[in-house]
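Participant: Here you go, this is input00.cif (mmCIF, C-alpha atoms and all ligand atoms).
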data_final
loop_
_atom_site.label_atom_id
_atom_site.label_comp_id
_atom_site.auth_asym_id
_atom_site.auth_seq_id
_atom_site.Cartn_x
_atom_site.Cartn_y
_atom_site.Cartn_z
CA MET A 10 11.53 -4.29 10.16
CA ASN A 11 9.74 -1.25 8.72
CA LEU A 12 8.28 -2.08 5.32
CA VAL A 13 6.16 -0.51 2.60
CA PHE A 14 4.36 -2.67 0.03
CA PHE A 15 3.89 -0.92 -3.28
CA GLY A 16 2.16 -1.92 -6.51
CA PRO A 17 -0.87 -1.37 -8.74
CA PRO A 18 -4.35 -2.48 -7.61
CA GLY A 19 -4.56 -6.23 -8.22
CA ALA A 20 -0.81 -6.81 -7.91
CA GLY A 21 -1.32 -9.11 -4.92
CA LYS A 22 -0.03 -6.72 -2.25
CA GLY A 23 -2.56 -7.79 0.37
CA THR A 24 -1.93 -11.52 -0.08
CA GLN A 25 1.85 -11.23 0.02
CA ALA A 26 1.67 -8.75 2.88
CA GLN A 27 -0.23 -11.34 4.97
CA LYS A 28 2.57 -13.90 4.46
CA ILE A 29 5.33 -11.46 5.41
CA VAL A 30 3.61 -10.14 8.55
CA ALA A 31 2.93 -13.71 9.72
CA ALA A 32 6.58 -14.69 9.16
CA HIS A 33 7.97 -11.59 10.91
CA SER A 34 5.31 -11.03 13.62
CA ILE A 35 4.74 -7.41 12.67
CA PRO A 36 1.36 -5.70 12.14
CA GLN A 37 -0.05 -5.11 8.65
CA ILE A 38 -1.39 -1.59 8.26
CA SER A 39 -3.76 -1.50 5.30
CA THR A 40 -5.33 1.92 4.73
CA GLY A 41 -7.83 0.30 2.32
CA GLU A 42 -9.00 -2.09 5.09
CA ILE A 43 -9.22 0.70 7.66
CA LEU A 44 -11.25 2.84 5.24
CA ARG A 45 -13.57 -0.06 4.31
CA ALA A 46 -14.22 -0.67 8.01
CA ALA A 47 -15.01 3.04 8.46
CA VAL A 48 -17.47 2.86 5.53
CA ALA A 49 -19.10 -0.29 6.96
CA ASN A 50 -19.49 1.41 10.36
CA ASN A 51 -20.73 4.61 8.73
CA THR A 52 -18.32 6.79 10.71
CA PRO A 53 -17.63 10.40 9.63
CA LEU A 54 -14.40 9.17 8.02
CA GLY A 55 -16.36 6.48 6.19
CA GLN A 56 -18.95 8.99 4.98
CA GLN A 57 -16.21 11.14 3.51
CA ALA A 58 -14.18 8.29 2.00
CA GLY A 59 -16.99 6.01 0.77
CA PRO A 60 -18.09 7.88 -2.37
CA LEU A 61 -14.49 8.48 -3.46
CA MET A 62 -13.59 4.81 -2.99
CA ALA A 63 -16.68 3.71 -4.92
CA ALA A 64 -15.58 5.97 -7.79
CA GLY A 65 -12.06 4.48 -7.80
CA LYS A 66 -10.50 7.75 -6.64
CA LEU A 67 -7.96 8.26 -3.90
CA VAL A 68 -9.21 9.80 -0.66
CA PRO A 69 -7.57 13.09 0.43
CA ASP A 70 -3.99 12.84 1.70
CA GLU A 71 -4.80 14.48 5.09
CA LEU A 72 -7.33 11.74 5.89
CA VAL A 73 -5.00 8.78 5.28
CA ILE A 74 -1.96 10.51 6.77
CA GLY A 75 -3.90 11.02 10.02
CA ILE A 76 -5.00 7.38 10.08
CA VAL A 77 -1.45 6.10 9.53
CA GLU A 78 0.14 8.47 12.05
CA ASP A 79 -2.29 7.30 14.78
CA ARG A 80 -1.71 3.68 13.88
CA LEU A 81 2.10 3.91 13.85
CA ARG A 82 2.02 5.28 17.41
CA GLN A 83 0.32 2.12 18.72
CA PRO A 84 2.68 -0.05 20.83
CA ASP A 85 2.42 -3.08 18.51
CA CYS A 86 4.29 -1.10 15.81
CA GLU A 87 7.38 -0.71 18.00
CA LYS A 88 9.17 -3.76 16.58
CA GLY A 89 8.18 -2.97 13.02
CA PHE A 90 5.24 -2.73 10.64
CA LEU A 91 4.18 -3.34 7.08
CA LEU A 92 2.32 -0.55 5.30
CA ASP A 93 0.00 -1.97 2.62
CA GLY A 94 -1.54 0.60 0.25
CA PHE A 95 0.18 3.62 1.84
CA PRO A 96 1.83 5.90 0.76
CA ARG A 97 0.03 6.35 -2.54
CA THR A 98 1.14 9.93 -3.37
CA ILE A 99 4.37 11.89 -3.02
CA PRO A 100 2.86 14.12 -0.28
CA GLN A 101 1.89 10.98 1.64
CA ALA A 102 5.46 9.66 1.34
CA GLN A 103 6.86 12.97 2.57
CA ALA A 104 4.44 13.03 5.50
CA LEU A 105 5.37 9.44 6.36
CA GLU A 106 9.05 10.37 6.41
CA GLY A 107 8.26 13.25 8.78
CA VAL A 108 6.12 11.14 11.12
CA LEU A 109 8.78 8.42 11.32
CA ALA A 110 11.60 10.95 11.81
CA LYS A 111 9.76 12.30 14.88
CA MET A 112 9.84 8.73 16.23
CA ALA A 113 13.54 8.31 15.25
CA ARG A 114 12.60 5.62 12.75
CA LYS A 115 12.62 5.12 9.00
CA ILE A 116 11.43 2.88 6.18
CA GLU A 117 13.96 0.12 5.39
CA HIS A 118 12.50 -1.50 2.25
CA VAL A 119 9.86 -0.58 -0.30
CA VAL A 120 8.74 -3.85 -1.90
CA SER A 121 7.43 -3.04 -5.38
CA LEU A 122 5.30 -5.82 -6.91
CA GLU A 123 5.73 -5.57 -10.68
CA VAL A 124 2.78 -6.91 -12.70
CA PRO A 125 1.97 -6.10 -16.37
CA ASP A 126 -1.30 -4.27 -17.11
CA GLU A 127 -2.91 -7.23 -18.97
CA VAL A 128 -2.41 -9.46 -15.95
CA ILE A 129 -3.88 -6.80 -13.64
CA HIS A 130 -7.00 -6.52 -15.80
CA GLU A 131 -7.48 -10.32 -15.81
CA ARG A 132 -7.06 -10.54 -12.03
CA MET A 133 -9.38 -7.62 -11.27
CA LYS A 134 -12.20 -9.23 -13.28
CA GLY A 135 -12.21 -12.17 -10.89
CA ARG A 136 -12.28 -10.19 -7.66
CA GLY A 137 -15.91 -9.06 -7.64
CA ARG A 138 -15.72 -6.40 -4.95
CA ALA A 139 -18.27 -3.56 -5.00
CA ASP A 140 -15.62 -1.10 -6.21
CA ASP A 141 -14.49 -3.42 -9.02
CA SER A 142 -16.80 -2.51 -11.92
CA PRO A 143 -14.76 -2.22 -15.18
CA GLU A 144 -15.02 1.59 -15.05
CA THR A 145 -13.88 1.68 -11.44
CA VAL A 146 -11.01 -0.71 -12.13
CA GLN A 147 -9.88 1.56 -14.98
CA LYS A 148 -10.20 4.64 -12.76
CA ARG A 149 -8.14 3.02 -10.01
CA LEU A 150 -5.42 2.08 -12.51
CA ASP A 151 -5.47 5.65 -13.89
CA GLU A 152 -5.10 7.04 -10.37
CA PHE A 153 -2.22 4.64 -9.76
CA ARG A 154 -0.37 5.74 -12.90
CA LYS A 155 -0.93 9.44 -12.32
CA LEU A 156 -0.46 9.78 -8.55
CA THR A 157 1.19 6.62 -7.20
CA ALA A 158 3.64 5.44 -9.89
CA PRO A 159 5.93 8.51 -9.33
CA LEU A 160 6.72 7.04 -5.89
CA LYS A 161 8.93 4.44 -7.58
CA ALA A 162 11.44 7.08 -8.62
CA TYR A 163 11.09 8.75 -5.20
CA TYR A 164 12.08 5.56 -3.36
CA GLN A 165 14.61 4.52 -6.02
CA GLU A 166 16.48 7.78 -5.41
CA ARG A 167 16.53 6.99 -1.70
CA GLY A 168 17.93 3.50 -2.32
CA LEU A 169 14.88 1.81 -0.79
CA LEU A 170 13.12 0.30 -3.82
CA ARG A 171 13.09 -3.53 -4.07
CA PRO A 172 11.41 -4.48 -7.38
CA ILE A 173 9.86 -7.98 -7.27
CA ASN A 174 8.34 -9.91 -10.17
CA GLY A 175 4.68 -10.21 -9.12
CA VAL A 176 3.85 -12.93 -11.69
CA GLY A 177 4.37 -16.51 -10.51
CA SER A 178 3.23 -18.80 -7.71
CA LEU A 179 2.40 -17.21 -4.36
CA ASP A 180 5.29 -19.11 -2.74
CA GLU A 181 7.82 -18.04 -5.39
CA ILE A 182 6.84 -14.40 -4.99
CA ALA A 183 6.97 -14.66 -1.19
CA ALA A 184 10.46 -16.21 -1.39
CA ALA A 185 11.67 -13.40 -3.67
CA ILE A 186 10.33 -10.82 -1.21
CA GLU A 187 12.06 -12.56 1.71
CA ARG A 188 15.37 -12.52 -0.17
CA ALA A 189 15.00 -8.82 -0.95
CA ILE A 190 14.21 -7.75 2.61
CA ARG A 191 16.92 -9.91 4.18
CA ALA A 192 19.63 -8.71 1.80
P1 LIG A 201 -6.92 -0.70 -1.39
O1 LIG A 201 -7.66 -1.77 -0.66
O2 LIG A 201 -5.55 -0.44 -0.85
O3 LIG A 201 -6.89 -0.93 -2.88
O4 LIG A 201 -7.73 0.67 -1.16
C1 LIG A 201 -9.09 0.79 -1.54
C2 LIG A 201 -9.44 2.26 -1.76
O5 LIG A 201 -9.23 2.99 -0.54
C3 LIG A 201 -8.59 2.98 -2.80
O6 LIG A 201 -9.09 2.79 -4.11
C4 LIG A 201 -8.71 4.43 -2.34
O7 LIG A 201 -9.97 4.96 -2.69
C5 LIG A 201 -8.69 4.28 -0.83
N1 LIG A 201 -7.30 4.33 -0.30
C6 LIG A 201 -6.62 3.33 0.32
N2 LIG A 201 -5.39 3.72 0.68
C7 LIG A 201 -5.26 5.00 0.25
C8 LIG A 201 -4.21 5.96 0.30
N3 LIG A 201 -3.01 5.67 0.85
N4 LIG A 201 -4.45 7.19 -0.24
C9 LIG A 201 -5.63 7.50 -0.77
N5 LIG A 201 -6.66 6.64 -0.88
C10 LIG A 201 -6.49 5.39 -0.36
#
Would you write out, as structure tokens, the structure that this file holds?
Facilitator:
Amino acid sequence: MNLVFFGPPGAGKGTQAQKIVAAHSIPQISTGEILRAAVANNTPLGQQAGPLMAAGKLVPDELVIGIVEDRLRQPDCEKGFLLDGFPRTIPQAQALEGVLAKMARKIEHVVSLEVPDEVIHERMKGRGRADDSPETVQKRLDEFRKLTAPLKAYYQERGLLRPINGVGSLDEIAAAIERAIRA
């Protein structure tokens, strides 16, 4: 099963992604996690990405596309994968399509967690990560609206979008996702 998890920051992508990968024994590929590890290890990638992440901005497409391409070629992705936080721009989605086509594979479902703005703001307040100051939260939401939200139409047109109500208990949301990806 080849999945993409899509939604605004604070929608609960990471949490729901963990449940789905555990249930389906596929790897979770989180570009945010990979980038945070690179920052923590002070690698060249981390040095480039760190200041942008701290400012709530997206890192350049080429950087994340390279990370994801390398990761998708690892043997544990052969039976499927869940992309969490990628693609976040139309060029990233196009690059992903190209990378997968070379491997004779494609995305099957784009799970879109739908959460109203007020709920996002409430949730983000409680998270307390270094990149979660109110200004950074706002910047990340702005980046989402400007650069990432257009992906909904992109995947809708391709018949891949599975909108899921992201407000409710964790188990209810997980069950709705399971129904959508089994259908
Ligand atoms: P996340 O944990 O997915 O919210 O990602 C944390 C931060 O990493 C984001 O605010 C971006 O700065 C950066 N990042 C993660 N994934 C991407 C991506 N696909 N494209 C660009 N920047 C990304």
Participant: Between CA of Lys115 in chain A and CA of Val13 in chain A, what distance in Å does the model show, to one decimal?
Facilitator: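 That distance, rounded to one decimal, is 10.7 Å.
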Participant: Report the closest atom pair, with its distance in Å rounded to one decimal, for each residue of chain A that has an atom no farther than 8 Å from ligand LIG 201 (chain A); count all atoms listed in the file, sort by chain and then rising residue number, and write it as CSV.
Facilitator:
residue,atom,partner,partner_atom,distance
A:Pro18,CA,A:LIG201,O3,5.6
A:Gly19,CA,A:LIG201,O3,7.9
A:Gly23,CA,A:LIG201,O1,8.0
A:Ser39,CA,A:LIG201,O2,6.5
A:Thr40,CA,A:LIG201,N2,4.4
A:Gly41,CA,A:LIG201,O4,3.5
A:Glu42,CA,A:LIG201,O1,5.9
A:Leu44,CA,A:LIG201,O5,6.1
A:Arg45,CA,A:LIG201,O5,7.2
A:Ala58,CA,A:LIG201,O7,7.1
A:Gly59,CA,A:LIG201,O7,7.9
A:Leu61,CA,A:LIG201,O7,5.8
A:Met62,CA,A:LIG201,O7,3.6
A:Ala63,CA,A:LIG201,O7,7.2
A:Ala64,CA,A:LIG201,O7,7.6
A:Gly65,CA,A:LIG201,O6,5.0
A:Lys66,CA,A:LIG201,O7,4.9
A:Leu67,CA,A:LIG201,N5,3.7
A:Val68,CA,A:LIG201,N5,4.1
A:Pro69,CA,A:LIG201,C9,6.0
A:Asp70,CA,A:LIG201,N4,6.0
A:Val73,CA,A:LIG201,N3,5.8
A:Ile74,CA,A:LIG201,N3,7.7
A:Asp93,CA,A:LIG201,O2,6.7
A:Gly94,CA,A:LIG201,O2,4.3
A:Phe95,CA,A:LIG201,N3,3.9
A:Pro96,CA,A:LIG201,N3,4.8
A:Arg97,CA,A:LIG201,N3,4.6
A:Thr98,CA,A:LIG201,N4,7.0
A:Gln101,CA,A:LIG201,N3,7.3
A:Asp140,CA,A:LIG201,O6,7.9
A:Arg149,CA,A:LIG201,O6,6.0
Participant: When distances are computed from only C-alpha atoms, which of A:Gln147, A:Val108, A:Ala31, A:Lys88 shows the smallest separation from Gly75 in chain A?
Facilitator: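 Counting only C-alpha atoms, the residue closest to Gly75 in chain A is A:Val108.
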Participant: Rank A:Ile173, A:Ala104, A:Ala162, A:Ala46 by their smallest atom-to-atom distance to Val124 in chain A, using all atoms listed in the file, and report the top residue only.
Facilitator: A:Ile173
Participant: May I have the protein, DNA and RNA residues with an atom at most 8 Å from (-12.3, -7.5, -15.4), counting only C-alpha atoms in the file's coordinates, returned as a ChimeraX atom specification?
Facilitator: /A:130-135,141-143,146
Participant: What is the CA of Pro172 in chain A to CA of Ser121 in chain A distance in Å?
Facilitator: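 CA of Pro172 in chain A sits 4.7 Å away from CA of Ser121 in chain A.
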Participant: Between CA of Gln25 in chain A and CA of Asp180 in chain A, what distance in Å does the model show, to one decimal?
Facilitator: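 A separation of 9.0 Å between them.
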Participant: Rank A:Ile35, A:Val119, A:Asp79, A:Thr24 by their smallest atom-to-atom distance to Leu12 in chain A, using all atoms listed in the file, and report the top residue only.
Facilitator: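 That would be A:Val119, the residue with the smallest distance to Leu12 in chain A.
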Participant: So, counting only C-alpha atoms, which residue among A:Glu152, A:Arg114, A:Gln37, A:Leu109 is closest to Lys22 in chain A?
Facilitator: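 Using only C-alpha atoms, Lys22 in chain A sits closest to A:Gln37.
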Participant: Neighbourhood query: residues within 9 Å of (5.0, 14.4, -4.1), file coordinates, counting all atoms listed in the file; return as a list in words.
Facilitator: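 Output: Thr98, Ile99, Pro100, Gln101, Ala102, Gln103, Leu156, Pro159, Leu160 and Tyr163 of chain A.
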